[in-house]
file entry.cif (mmCIF, C-alpha atoms)
data_protein
#
loop_
_atom_site.label_atom_id
_atom_site.label_comp_id
_atom_site.auth_asym_id
_atom_site.auth_seq_id
_atom_site.Cartn_x
_atom_site.Cartn_y
_atom_site.Cartn_z
CA MET A 3 106.84 40.50 5.26
CA ASN A 4 107.68 42.41 8.44
CA PRO A 5 111.07 41.17 9.75
CA SER A 6 109.89 40.67 13.36
CA PHE A 7 106.86 38.74 12.24
CA LYS A 8 108.99 36.60 9.98
CA LEU A 9 111.21 35.83 12.97
CA LEU A 10 108.19 35.12 15.15
CA LEU A 11 106.74 32.72 12.60
CA VAL A 12 110.03 30.86 12.23
CA LEU A 13 110.40 30.61 16.01
CA ILE A 14 106.88 29.20 16.33
CA ILE A 15 107.65 26.69 13.57
CA ALA A 16 110.94 25.67 15.21
CA LEU A 17 109.25 25.14 18.57
CA GLU A 18 106.35 23.23 17.10
CA VAL A 19 108.45 20.83 15.03
CA SER A 20 110.66 20.26 18.08
CA PHE A 21 107.75 18.84 20.00
CA THR A 22 105.85 16.96 17.29
CA ARG A 23 106.91 13.93 15.30
CA HIS A 24 105.41 14.46 11.92
CA LEU A 25 107.24 13.84 8.67
CA THR A 26 104.71 15.49 6.31
CA ILE A 27 104.84 18.89 7.99
CA ASN A 28 108.64 18.83 8.04
CA LEU A 29 108.81 18.12 4.32
CA VAL A 30 106.16 20.75 3.54
CA LEU A 31 108.01 23.36 5.60
CA VAL A 32 111.35 22.61 3.93
CA ALA A 33 109.70 22.81 0.50
CA VAL A 34 107.96 26.11 1.29
CA ALA A 35 111.20 27.59 2.66
CA ILE A 36 113.08 26.52 -0.48
CA ILE A 37 110.41 28.01 -2.76
CA TYR A 38 110.47 31.22 -0.73
CA LEU A 39 114.26 31.42 -1.03
CA LEU A 40 114.02 30.76 -4.79
CA THR A 41 111.58 33.64 -5.27
CA LYS A 42 114.10 35.85 -3.46
CA ARG A 43 116.76 34.83 -6.02
CA ILE A 44 119.23 33.24 -3.61
CA ARG A 45 122.54 32.08 -5.07
CA PRO A 46 122.52 28.40 -6.07
CA ARG A 47 125.80 27.87 -4.22
CA LEU A 48 124.07 28.79 -0.99
CA PHE A 49 121.59 25.95 -1.46
CA GLY A 50 124.46 23.53 -1.74
CA TRP A 51 125.97 24.90 1.45
CA LEU A 52 122.62 24.82 3.30
CA PHE A 53 122.20 21.22 2.28
CA LEU A 54 125.75 20.03 3.07
CA MET A 55 126.47 21.95 6.26
CA PRO A 56 123.95 20.13 8.51
CA LEU A 57 124.34 16.79 6.71
CA PHE A 58 126.83 15.37 9.18
CA PRO A 59 124.84 16.04 12.38
CA ALA A 60 121.67 14.95 10.57
CA ILE A 61 123.23 11.62 9.55
CA ALA A 62 124.57 11.13 13.10
CA VAL A 63 121.07 11.54 14.51
CA PHE A 64 119.59 9.32 11.81
CA ILE A 65 121.89 6.35 12.31
CA THR A 66 121.67 6.63 16.08
CA ILE A 67 117.90 6.23 15.96
CA ALA A 68 117.69 3.83 13.03
CA TRP A 69 120.54 1.47 13.89
CA PHE A 70 121.66 1.90 17.45
CA SER A 71 118.50 2.63 19.44
CA PRO A 72 116.45 -0.22 20.90
CA GLY A 73 113.37 0.45 18.72
CA HIS A 74 115.11 0.83 15.29
CA ASP A 75 112.41 3.37 14.50
CA TYR A 76 113.11 4.36 10.87
CA PHE A 77 110.13 6.72 10.71
CA TYR A 78 111.33 8.68 13.73
CA ALA A 79 114.85 8.72 12.29
CA TRP A 80 113.52 10.43 9.15
CA VAL A 81 111.50 12.86 11.29
CA LEU A 82 114.64 13.94 13.14
CA PHE A 83 116.68 14.03 9.94
CA SER A 84 114.17 16.32 8.23
CA ARG A 85 113.68 18.37 11.39
CA ILE A 86 117.27 19.59 11.18
CA TYR A 87 116.60 20.76 7.64
CA VAL A 88 113.45 22.56 8.78
CA TYR A 89 115.59 24.57 11.22
CA VAL A 90 118.23 25.32 8.64
CA PHE A 91 116.02 26.30 5.72
CA THR A 92 113.44 28.31 7.68
CA GLY A 93 116.33 30.03 9.45
CA ALA A 94 117.90 30.87 6.10
CA ALA A 95 114.54 32.26 4.96
CA ILE A 96 115.12 35.05 7.50
CA THR A 97 118.84 35.56 7.49
CA GLN A 98 119.22 35.50 3.72
CA THR A 99 116.38 37.96 3.07
CA THR A 100 116.64 40.39 6.00
CA SER A 101 119.64 42.45 7.07
CA PRO A 102 120.59 42.60 10.77
CA LEU A 103 119.88 46.34 10.70
CA GLU A 104 116.34 45.88 9.35
CA LEU A 105 115.61 43.17 11.87
CA THR A 106 116.97 45.27 14.74
CA ARG A 107 114.90 48.30 13.72
CA SER A 108 111.81 46.14 13.40
CA LEU A 109 112.34 44.47 16.79
CA GLU A 110 112.69 47.88 18.39
CA GLN A 111 109.77 49.56 16.62
CA ASN A 112 107.28 46.73 16.18
CA LEU A 113 107.95 44.49 19.17
CA HIS A 114 109.14 47.29 21.50
CA LEU A 115 112.37 45.59 22.46
CA PRO A 116 114.32 48.09 24.65
CA SER A 117 116.63 49.97 22.32
CA LYS A 118 119.74 49.25 24.40
CA PHE A 119 119.30 45.52 23.80
CA ALA A 120 118.50 45.99 20.12
CA TYR A 121 121.37 48.32 19.29
CA GLY A 122 123.77 46.87 21.84
CA THR A 123 123.55 43.50 20.15
CA LEU A 124 123.69 45.06 16.69
CA ALA A 125 126.86 46.94 17.67
CA ALA A 126 128.46 43.66 18.73
CA VAL A 127 127.31 41.94 15.53
CA ASN A 128 128.90 44.64 13.41
CA LEU A 129 132.21 43.90 15.10
CA ILE A 130 132.23 40.24 14.05
CA PRO A 131 134.83 40.69 11.28
CA ARG A 132 137.09 42.43 13.80
CA ILE A 133 136.51 39.69 16.36
CA LYS A 134 137.62 37.08 13.84
CA MET A 135 140.68 39.17 13.00
CA ALA A 136 141.52 39.64 16.67
CA VAL A 137 141.32 35.91 17.44
CA LYS A 138 143.65 35.21 14.48
CA THR A 139 146.04 37.94 15.60
CA ILE A 140 146.15 36.65 19.18
CA ARG A 141 146.99 33.14 17.96
CA ALA A 142 149.60 34.44 15.51
CA ALA A 143 151.19 36.58 18.21
CA GLY A 144 151.35 33.53 20.46
CA GLN A 145 152.97 31.44 17.75
CA MET A 146 155.64 34.06 17.21
CA ARG A 147 156.67 33.50 20.80
CA GLY A 148 156.48 29.77 20.34
CA ILE A 149 153.24 29.43 22.28
CA ASN A 150 150.38 27.58 20.70
CA LEU A 151 147.05 28.98 21.88
CA SER A 152 144.53 26.29 20.99
CA TRP A 153 140.79 26.49 21.43
CA TRP A 154 140.96 25.05 24.93
CA SER A 155 143.60 27.47 26.15
CA PRO A 156 142.34 29.89 28.86
CA MET A 157 144.86 32.48 27.66
CA LEU A 158 143.21 32.69 24.23
CA TYR A 159 139.82 33.41 25.77
CA PHE A 160 141.31 35.81 28.28
CA LYS A 161 143.01 37.90 25.61
CA ALA A 162 139.90 37.92 23.44
CA ILE A 163 137.81 39.03 26.42
CA LEU A 164 140.24 41.90 27.03
CA HIS A 165 139.51 43.05 23.48
CA ALA A 166 135.78 42.73 24.15
CA ILE A 167 136.03 44.89 27.26
CA THR A 168 137.86 47.65 25.38
CA TRP A 169 135.48 47.49 22.43
CA SER A 170 132.34 47.53 24.56
CA ASP A 171 133.67 50.62 26.33
CA GLN A 172 134.52 52.38 23.10
CA LEU A 173 131.29 51.44 21.34
CA ALA A 174 129.14 52.57 24.24
CA GLN A 175 131.03 55.87 24.39
CA ALA A 176 130.71 56.31 20.64
CA MET A 177 126.97 55.73 20.76
CA GLU A 178 126.53 58.07 23.72
CA SER A 179 128.59 60.80 22.11
CA HIS A 180 126.28 60.58 19.11
CA GLY A 181 123.36 61.40 21.35
CA TYR A 182 122.16 57.93 22.29
CA VAL A 183 120.59 57.82 25.76
CA GLU A 184 119.40 54.47 27.04
CA ASP A 185 115.79 54.10 28.20
CA ARG A 186 114.86 57.39 26.50
CA ALA A 187 112.04 57.56 23.92
CA ARG A 188 113.40 57.58 20.39
CA THR A 189 112.12 58.87 17.09
CA SER A 190 112.89 56.91 13.96
CA VAL A 191 113.70 58.08 10.48
CA HIS A 192 113.31 54.63 8.97
CA GLN A 193 109.85 53.39 9.84
CA ILE A 194 109.30 49.65 9.58
CA ALA A 195 105.69 49.11 8.60
CA LEU A 196 103.54 46.53 10.32
CA THR A 197 100.50 46.04 8.12
CA ALA A 198 97.30 44.03 8.17
CA ARG A 199 98.95 41.87 5.50
CA ASP A 200 101.71 40.86 7.93
CA TRP A 201 99.15 39.90 10.56
CA SER A 202 97.13 37.83 8.09
CA ILE A 203 100.21 36.01 6.71
CA LEU A 204 101.30 35.15 10.25
CA ILE A 205 97.89 33.93 11.40
CA ILE A 206 97.05 32.01 8.21
CA SER A 207 100.48 30.33 8.20
CA ILE A 208 100.06 29.19 11.80
CA ILE A 209 96.58 27.83 11.11
CA LEU A 210 97.78 26.00 7.97
CA ILE A 211 100.63 24.42 9.92
CA GLN A 212 98.20 23.17 12.57
CA ILE A 213 95.90 21.73 9.91
CA ILE A 214 98.74 19.84 8.23
CA THR A 215 100.18 18.68 11.55
CA PHE A 216 96.99 17.41 13.09
CA ALA A 217 94.70 16.57 10.17
CA LEU A 218 97.10 14.86 7.76
CA PRO A 219 98.80 11.54 8.60
CA MET B 5 130.65 49.51 49.68
CA ALA B 6 127.90 51.02 47.59
CA LYS B 7 124.86 48.90 46.87
CA LYS B 8 125.39 46.86 43.76
CA ASN B 9 123.33 47.90 40.79
CA ASN B 10 121.79 44.95 39.03
CA LYS B 11 120.62 46.87 35.98
CA PHE B 12 122.20 46.20 32.62
CA HIS B 13 123.61 49.20 30.83
CA LEU B 14 124.44 49.60 27.18
CA ARG B 15 128.10 48.82 27.89
CA ASP B 16 127.25 45.57 29.69
CA ILE B 17 124.93 44.47 26.90
CA ILE B 18 127.54 45.08 24.20
CA LEU B 19 130.13 43.26 26.32
CA LEU B 20 127.90 40.24 26.89
CA ALA B 21 126.99 40.01 23.22
CA LEU B 22 130.67 40.31 22.27
CA VAL B 23 131.71 37.61 24.72
CA GLY B 24 128.98 35.30 23.41
CA ILE B 25 130.08 35.89 19.82
CA ILE B 26 133.80 35.45 20.65
CA PHE B 27 133.09 32.07 22.19
CA GLY B 28 131.08 31.20 19.07
CA VAL B 29 133.97 32.26 16.82
CA ILE B 30 136.47 30.17 18.79
CA TYR B 31 134.06 27.25 18.76
CA TRP B 32 134.15 27.20 14.98
CA ALA B 33 137.90 26.69 15.16
CA ALA B 34 137.02 23.44 16.95
CA ALA B 35 134.00 22.50 14.83
CA PHE B 36 135.91 19.65 13.23
CA MET B 37 135.92 18.05 16.69
CA TYR B 38 132.24 17.27 16.41
CA ASN B 39 132.75 15.37 13.17
CA ALA B 40 135.90 13.66 14.39
CA LEU B 41 134.25 12.50 17.61
CA THR B 42 131.18 11.30 15.73
CA ILE B 43 133.38 9.21 13.43
CA VAL B 44 135.30 7.78 16.39
CA PHE B 45 132.21 6.91 18.41
CA THR B 46 129.99 5.54 15.64
CA PRO B 47 131.78 2.13 15.54
CA LEU B 48 131.26 2.03 19.32
CA LYS B 49 127.52 2.39 18.60
CA LEU B 50 127.43 5.82 20.23
CA PRO B 51 127.18 8.24 17.28
CA MET B 52 125.66 11.07 19.34
CA MET B 53 128.64 11.18 21.67
CA GLY B 54 130.19 13.96 19.58
CA ASN B 55 127.17 16.10 20.34
CA ASP B 56 127.43 15.48 24.08
CA LEU B 57 131.18 15.82 24.36
CA THR B 58 131.23 19.18 22.54
CA MET B 59 128.11 20.53 24.26
CA GLY B 60 130.18 22.16 27.02
CA LEU B 61 131.90 24.40 24.48
CA TRP B 62 128.55 25.78 23.31
CA CYS B 63 127.50 26.56 26.86
CA MET B 64 130.63 28.39 28.03
CA ALA B 65 129.48 31.93 27.33
CA GLY B 66 126.71 31.76 29.97
CA PRO B 67 128.80 30.88 33.03
CA MET B 68 131.59 33.15 31.77
CA ALA B 69 129.17 36.09 31.63
CA GLY B 70 127.94 35.22 35.11
CA PHE B 71 131.46 35.19 36.51
CA MET B 72 132.38 38.42 34.73
CA LEU B 73 129.44 40.66 35.64
CA LYS B 74 128.25 38.86 38.80
CA LYS B 75 124.69 40.07 38.27
CA PRO B 76 121.45 38.09 38.10
CA GLY B 77 120.50 37.69 34.45
CA ALA B 78 124.06 37.93 33.15
CA PRO B 79 124.46 34.18 32.44
CA PHE B 80 121.22 34.11 30.51
CA LEU B 81 122.02 37.26 28.54
CA GLY B 82 125.58 36.15 27.78
CA GLU B 83 124.41 32.89 26.29
CA PHE B 84 121.31 34.26 24.56
CA LEU B 85 122.85 37.42 23.08
CA GLY B 86 125.72 35.37 21.72
CA ALA B 87 123.25 33.04 20.03
CA ALA B 88 121.22 36.03 18.79
CA GLY B 89 124.39 37.57 17.36
CA GLU B 90 125.25 34.38 15.54
CA ALA B 91 121.69 34.11 14.22
CA LEU B 92 121.81 37.73 13.02
CA ILE B 93 124.90 37.22 10.89
CA GLY B 94 123.24 34.33 9.16
CA ASP B 95 124.57 31.39 11.07
CA GLN B 96 123.08 28.38 9.34
CA TRP B 97 121.25 27.11 12.39
CA GLY B 98 119.17 30.27 12.22
CA ALA B 99 116.22 30.65 14.49
CA ALA B 100 116.74 27.25 16.10
CA ASN B 101 119.94 28.78 17.46
CA LEU B 102 117.86 31.42 19.27
CA ILE B 103 115.80 28.73 20.94
CA SER B 104 118.80 26.63 21.98
CA GLY B 105 120.50 29.84 23.12
CA ALA B 106 117.51 30.62 25.34
CA VAL B 107 117.42 27.07 26.73
CA GLN B 108 121.17 27.05 27.45
CA GLY B 109 120.92 30.54 28.92
CA VAL B 110 118.19 29.51 31.35
CA ALA B 111 120.20 26.37 32.13
CA SER B 112 123.35 28.20 33.24
CA GLU B 113 121.37 30.97 34.92
CA LEU B 114 119.68 28.38 37.15
CA GLY B 115 123.03 27.23 38.50
CA PHE B 116 123.72 30.72 39.83
CA THR B 117 120.14 31.15 41.05
CA PHE B 118 120.40 28.00 43.18
CA THR B 119 123.47 29.41 44.92
CA GLY B 120 121.71 32.73 45.53
CA TYR B 121 123.99 34.68 43.14
CA LYS B 122 126.56 34.65 45.94
CA HIS B 123 128.92 31.92 44.85
CA TYR B 124 131.16 33.01 42.03
CA ASP B 125 133.59 30.27 42.97
CA TRP B 126 133.89 26.48 42.61
CA LEU B 127 130.49 25.93 44.18
CA GLY B 128 128.87 28.20 41.58
CA ALA B 129 130.84 26.53 38.81
CA VAL B 130 129.77 23.04 39.88
CA SER B 131 126.19 24.16 40.37
CA THR B 132 125.98 25.68 36.88
CA THR B 133 127.66 22.57 35.44
CA ILE B 134 124.93 20.39 36.90
CA THR B 135 121.95 22.57 35.91
CA THR B 136 123.31 23.09 32.40
CA THR B 137 123.80 19.36 31.94
CA ILE B 138 120.33 18.46 33.18
CA VAL B 139 118.42 21.19 31.35
CA THR B 140 120.17 20.76 27.99
CA PHE B 141 119.82 17.00 28.27
CA ALA B 142 116.09 17.36 28.92
CA TRP B 143 115.88 19.59 25.87
CA ASP B 144 117.67 17.05 23.67
CA TRP B 145 115.34 14.41 25.08
CA PHE B 146 112.64 15.97 22.92
CA ARG B 147 114.54 17.69 20.19
CA ASN B 148 117.21 15.20 19.22
CA GLY B 149 115.35 12.01 20.02
CA TYR B 150 117.26 11.10 23.19
CA ASN B 151 114.02 9.58 24.51
CA LYS B 152 114.69 6.71 22.09
CA PHE B 153 118.20 5.85 23.19
CA GLY B 154 117.28 3.73 26.19
CA PHE B 155 120.15 2.53 28.34
CA LYS B 156 122.78 4.34 26.27
CA ASN B 157 121.60 7.60 27.77
CA VAL B 158 123.78 6.77 30.77
CA TYR B 159 126.84 7.13 28.55
CA TYR B 160 125.52 10.22 26.81
CA PHE B 161 124.59 11.90 30.07
CA SER B 162 128.00 11.14 31.63
CA GLY B 163 129.75 12.38 28.50
CA ARG B 164 127.81 15.61 28.63
CA LEU B 165 128.43 16.10 32.35
CA LEU B 166 132.13 15.60 31.77
CA SER B 167 132.16 18.07 28.90
CA MET B 168 130.20 20.65 30.90
CA PHE B 169 132.50 20.25 33.86
CA PHE B 170 135.61 20.69 31.76
CA PHE B 171 134.45 23.68 29.68
CA CYS B 172 131.87 25.47 31.87
CA GLY B 173 133.59 24.61 35.15
CA VAL B 174 137.35 24.21 34.85
CA LEU B 175 138.05 26.30 31.76
CA VAL B 176 135.71 29.14 32.77
CA MET B 177 137.26 29.22 36.26
CA LEU B 178 140.75 29.39 34.77
CA ILE B 179 139.75 32.30 32.54
CA GLU B 180 138.01 33.97 35.47
CA ARG B 181 141.18 33.65 37.51
CA LEU B 182 143.18 35.40 34.77
CA LEU B 183 140.58 38.19 34.63
CA GLU B 184 140.60 38.47 38.41
CA ARG B 185 144.38 38.81 38.52
CA SER B 186 144.41 41.47 35.82
CA HIS B 187 141.76 43.54 37.64
CA VAL B 188 140.05 44.43 34.36
CA MET B 189 136.57 43.81 35.75
CA LYS B 190 137.15 45.86 38.87
CA ARG B 191 136.46 49.20 37.23
CA GLU B 192 133.41 50.86 38.64
CA GLU B 193 131.47 51.05 35.39
CA PHE B 194 131.01 47.31 35.45
CA ASN B 195 130.24 47.06 39.16
CA ASP B 196 128.32 50.28 39.74
#
call {"tool": "encode", "arguments": {"input": "entry.cif", "output": "structure tokens"}}
result
Amino acid sequence: MNPSFKLLLVLIIALEVSFTRHLTINLVLVAVAIIYLLTKRIRPRLFGWLFLMPLFPAIAVFITIAWFSPGHDYFYAWVLFSRIYVYVFTGAAITQTTSPLELTRSLEQNLHLPSKFAYGTLAAVNLIPRIKMAVKTIRAAGQMRGINLSWWSPMLYFKAILHAITWSDQLAQAMESHGYVEDRARTSVHQIALTARDWSILIISIILIQIITFALP
Amino acid sequence: MAKKNNKFHLRDIILLALVGIIFGVIYWAAAFMYNALTIVFTPLKLPMMGNDLTMGLWCMAGPMAGFMLKKPGAPFLGEFLGAAGEALIGDQWGAANLISGAVQGVASELGFTFTGYKHYDWLGAVSTTITTTIVTFAWDWFRNGYNKFGFKNVYYFSGRLLSMFFFCGVLVMLIERLLERSHVMKREEFND
């Protein structure tokens, strides 16, 4: 499926489950997302991680509603519990099957997102390993001088922002020296197709979700 | 002084996305806080307190971006692009992250809108603290079931306001002061 449309569908799902309280649709959506991920041959370890990672916040929400709220509404507690898993598994259905580059190209070509936003963000995303390194280095450098830069220390953020300023300068220059001009029409070597099939999957999925949400208990 | 250009250029966009992602990366160093606070507050019958007390950390990128670029739209973009970046690398919260990023972005943007984009000082910081608290709380009202908490919302709301004030107000102002003193944001390419 077209990456932008996949994102659009998941966003619509996330918004809709945020504003409805319906257990059936949540369970159906989680099941469909899991089946989809299975057909894409996702590593089993990832499933474990996807299940465990949100467990703590999900349990916190559950016990708050079920035990500590005036109504002791167990049904609503399960709705909120499963809602978190809807977010996580439908989100994984995009991120585990689509690369950032594909998604960026699709957003630019199919949804006509201005290229400076698309590639600017992608450029920053590609720096993430270096960002992590830099934060570690800054903390290590501080420790060598006997200064502990914890996560609430302004100095840690300040030094990381200095890196960001340098990198954003260098990246923008690098892109411009390779012929990138913002707000100029672009041609693309890698075309991302947007077919009638994508449209029908999107529309049929949305209709099915409405039917399950409003027709089933 | 030349008229300030409020357009976003490639360099600004990369910078805002980077700042958003950096704040996300540092947040993960403190992610255990959420669990620790939840464990501490559950016996006090306030299990969601961890969510409220750490909320300020999530929302720091927006006001920071506003203070750095001093342009309308910067707080929104800083918060949203950071969330988009985290979603792109496969952050487990996925697309929901994009939506909360947009909500938090609008929330901190509003604080600067209400002061006419003229107060990049304590007034702006307090204003963005208040709008971010109210808007994100309203969002959690629907999304995380806060409408069911009844009287306890007084505690949750105060906890969140406190967290926002500390992270989005005090901490952001301290970082801004360091940036101001170093003159790194004074170069014309950022203020053209």
call {"tool": "residues_around", "arguments": {"input": "entry.cif", "residues": "range 85-96 of chain A", "least_positions_apart": "2", "cutoff": "8 Å", "atoms": "only C-alpha atoms", "output": "VMD selection string"}}
result
(chain A and resid 5 8 to 9 12 16 19 to 20 28 to 29 31 to 32 35 to 36 38 to 39 52 to 53 56 60 81 to 83 98 to 100) or (chain B and resid 94 96 to 100)
call {"tool": "interface_residues", "arguments": {"input": "entry.cif", "of": "chain B", "to": "chain A", "cutoff": "8 Å", "atoms": "only C-alpha atoms", "output": "NGL selection string"}}
result
:B and (13-19 or 21-23 or 25-27 or 29-31 or 33-34 or 39 or 42 or 49-52 or 85 or 88-100 or 103 or 146-149 or 152-154 or 175-176 or 178-179 or 182-183 or 188)
call {"tool": "atom_distance", "arguments": {"input": "entry.cif", "atom1": "CA of Asn112 in chain A", "atom2": "CA of Arg186 in chain A"}}
result
16.7 Å
call {"tool": "residues_near_point", "arguments": {"input": "entry.cif", "point": "(118.5, 16.3, 29.2)", "cutoff": "12 Å", "atoms": "all atoms listed in the file", "output": "PyMOL selection string"}}
result
chain B and resi 56+59+107-108+111+134-151+157-158+160-165
call {"tool": "resolve_selection", "arguments": {"input": "entry.cif", "expression": "the PyMOL selection byres ((chain B and resi 38) around 9)", "output": "MDAnalysis selection string"}}
result
(chainID A and resid 59) or (chainID B and resid 34:37 39:43 53:55 57:58)
call {"tool": "atom_distance", "arguments": {"input": "entry.cif", "atom1": "CA of Thr119 in chain B", "atom2": "CA of Met72 in chain B"}}
result
16.3 Å
call {"tool": "residues_near_point", "arguments": {"input": "entry.cif", "point": "(107.9, 52.1, 10.7)", "cutoff": "9 Å", "atoms": "only C-alpha atoms", "output": "ChimeraX atom specification"}}
result
/A:107-108,111-112,190-196
call {"tool": "resolve_selection", "arguments": {"input": "entry.cif", "expression": "the PyMOL selection byres ((chain B and resi 74) around 10)", "output": "PyMOL selection string"}}
result
chain B and resi 8+10+67-73+75-79+116+121-124+194-195
call {"tool": "write_last_selection", "arguments": {"input": "entry.cif", "atoms": "C-alpha atoms", "output": "PDB file, in the frame of the given file"}}
result
ATOM      1  CA  LYS B   8     125.390  46.860  43.760  1.00  0.00           C
ATOM      2  CA  ASN B  10     121.790  44.950  39.030  1.00  0.00           C
ATOM      3  CA  PRO B  67     128.800  30.880  33.030  1.00  0.00           C
ATOM      4  CA  MET B  68     131.590  33.150  31.770  1.00  0.00           C
ATOM      5  CA  ALA B  69     129.170  36.090  31.630  1.00  0.00           C
ATOM      6  CA  GLY B  70     127.940  35.220  35.110  1.00  0.00           C
ATOM      7  CA  PHE B  71     131.460  35.190  36.510  1.00  0.00           C
ATOM      8  CA  MET B  72     132.380  38.420  34.730  1.00  0.00           C
ATOM      9  CA  LEU B  73     129.440  40.660  35.640  1.00  0.00           C
ATOM     10  CA  LYS B  75     124.690  40.070  38.270  1.00  0.00           C
ATOM     11  CA  PRO B  76     121.450  38.090  38.100  1.00  0.00           C
ATOM     12  CA  GLY B  77     120.500  37.690  34.450  1.00  0.00           C
ATOM     13  CA  ALA B  78     124.060  37.930  33.150  1.00  0.00           C
ATOM     14  CA  PRO B  79     124.460  34.180  32.440  1.00  0.00           C
ATOM     15  CA  PHE B 116     123.720  30.720  39.830  1.00  0.00           C
ATOM     16  CA  TYR B 121     123.990  34.680  43.140  1.00  0.00           C
ATOM     17  CA  LYS B 122     126.560  34.650  45.940  1.00  0.00           C
ATOM     18  CA  HIS B 123     128.920  31.920  44.850  1.00  0.00           C
ATOM     19  CA  TYR B 124     131.160  33.010  42.030  1.00  0.00           C
ATOM     20  CA  PHE B 194     131.010  47.310  35.450  1.00  0.00           C
ATOM     21  CA  ASN B 195     130.240  47.060  39.160  1.00  0.00           C
TER      22      ASN B 195
END
call {"tool": "atom_distance", "arguments": {"input": "entry.cif", "atom1": "CA of Tyr159 in chain B", "atom2": "CA of Thr46 in chain B"}}
result
13.4 Å
call {"tool": "closest_residue", "arguments": {"input": "entry.cif", "among": "B:Asn101, B:Thr117, B:Ser131, B:Ser186", "to": "Trp62 in chain B", "atoms": "all atoms listed in the file"}}
result
B:Asn101
call {"tool": "closest_residue", "arguments": {"input": "entry.cif", "among": "B:Leu102, B:Ser112, B:Leu20, B:Thr133", "to": "Ser167 in chain B", "atoms": "all atoms listed in the file"}}
result
B:Thr133
call {"tool": "build_atoms", "arguments": {"input": "entry.cif", "residues": "range 32-36 of chain A", "atoms": "all heavy atoms", "output": "compact mmCIF listing (two decimals), in the frame of the given file"}}
result
# COMPACT_ATOMS: atom_id res chain seq x y z
N VAL A 32 110.09 22.48 4.67
CA VAL A 32 111.35 22.61 3.93
C VAL A 32 111.05 23.06 2.50
O VAL A 32 111.70 23.98 1.99
CB VAL A 32 112.13 21.28 3.93
CG1 VAL A 32 113.31 21.35 2.99
CG2 VAL A 32 112.63 20.95 5.34
N ALA A 33 110.04 22.46 1.88
CA ALA A 33 109.70 22.81 0.50
C ALA A 33 109.28 24.28 0.40
O ALA A 33 109.74 25.01 -0.49
CB ALA A 33 108.58 21.90 -0.02
N VAL A 34 108.42 24.71 1.32
CA VAL A 34 107.96 26.11 1.29
C VAL A 34 109.14 27.06 1.47
O VAL A 34 109.27 28.06 0.76
CB VAL A 34 106.89 26.36 2.38
CG1 VAL A 34 106.60 27.85 2.52
CG2 VAL A 34 105.63 25.60 2.06
N ALA A 35 110.03 26.72 2.42
CA ALA A 35 111.20 27.59 2.66
C ALA A 35 112.08 27.66 1.41
O ALA A 35 112.57 28.73 1.05
CB ALA A 35 112.01 27.08 3.85
N ILE A 36 112.25 26.52 0.73
CA ILE A 36 113.08 26.52 -0.48
C ILE A 36 112.44 27.37 -1.58
O ILE A 36 113.10 28.19 -2.22
CB ILE A 36 113.33 25.07 -0.98
CG1 ILE A 36 114.25 24.35 0.00
CG2 ILE A 36 113.93 25.07 -2.38
CD1 ILE A 36 114.47 22.89 -0.32
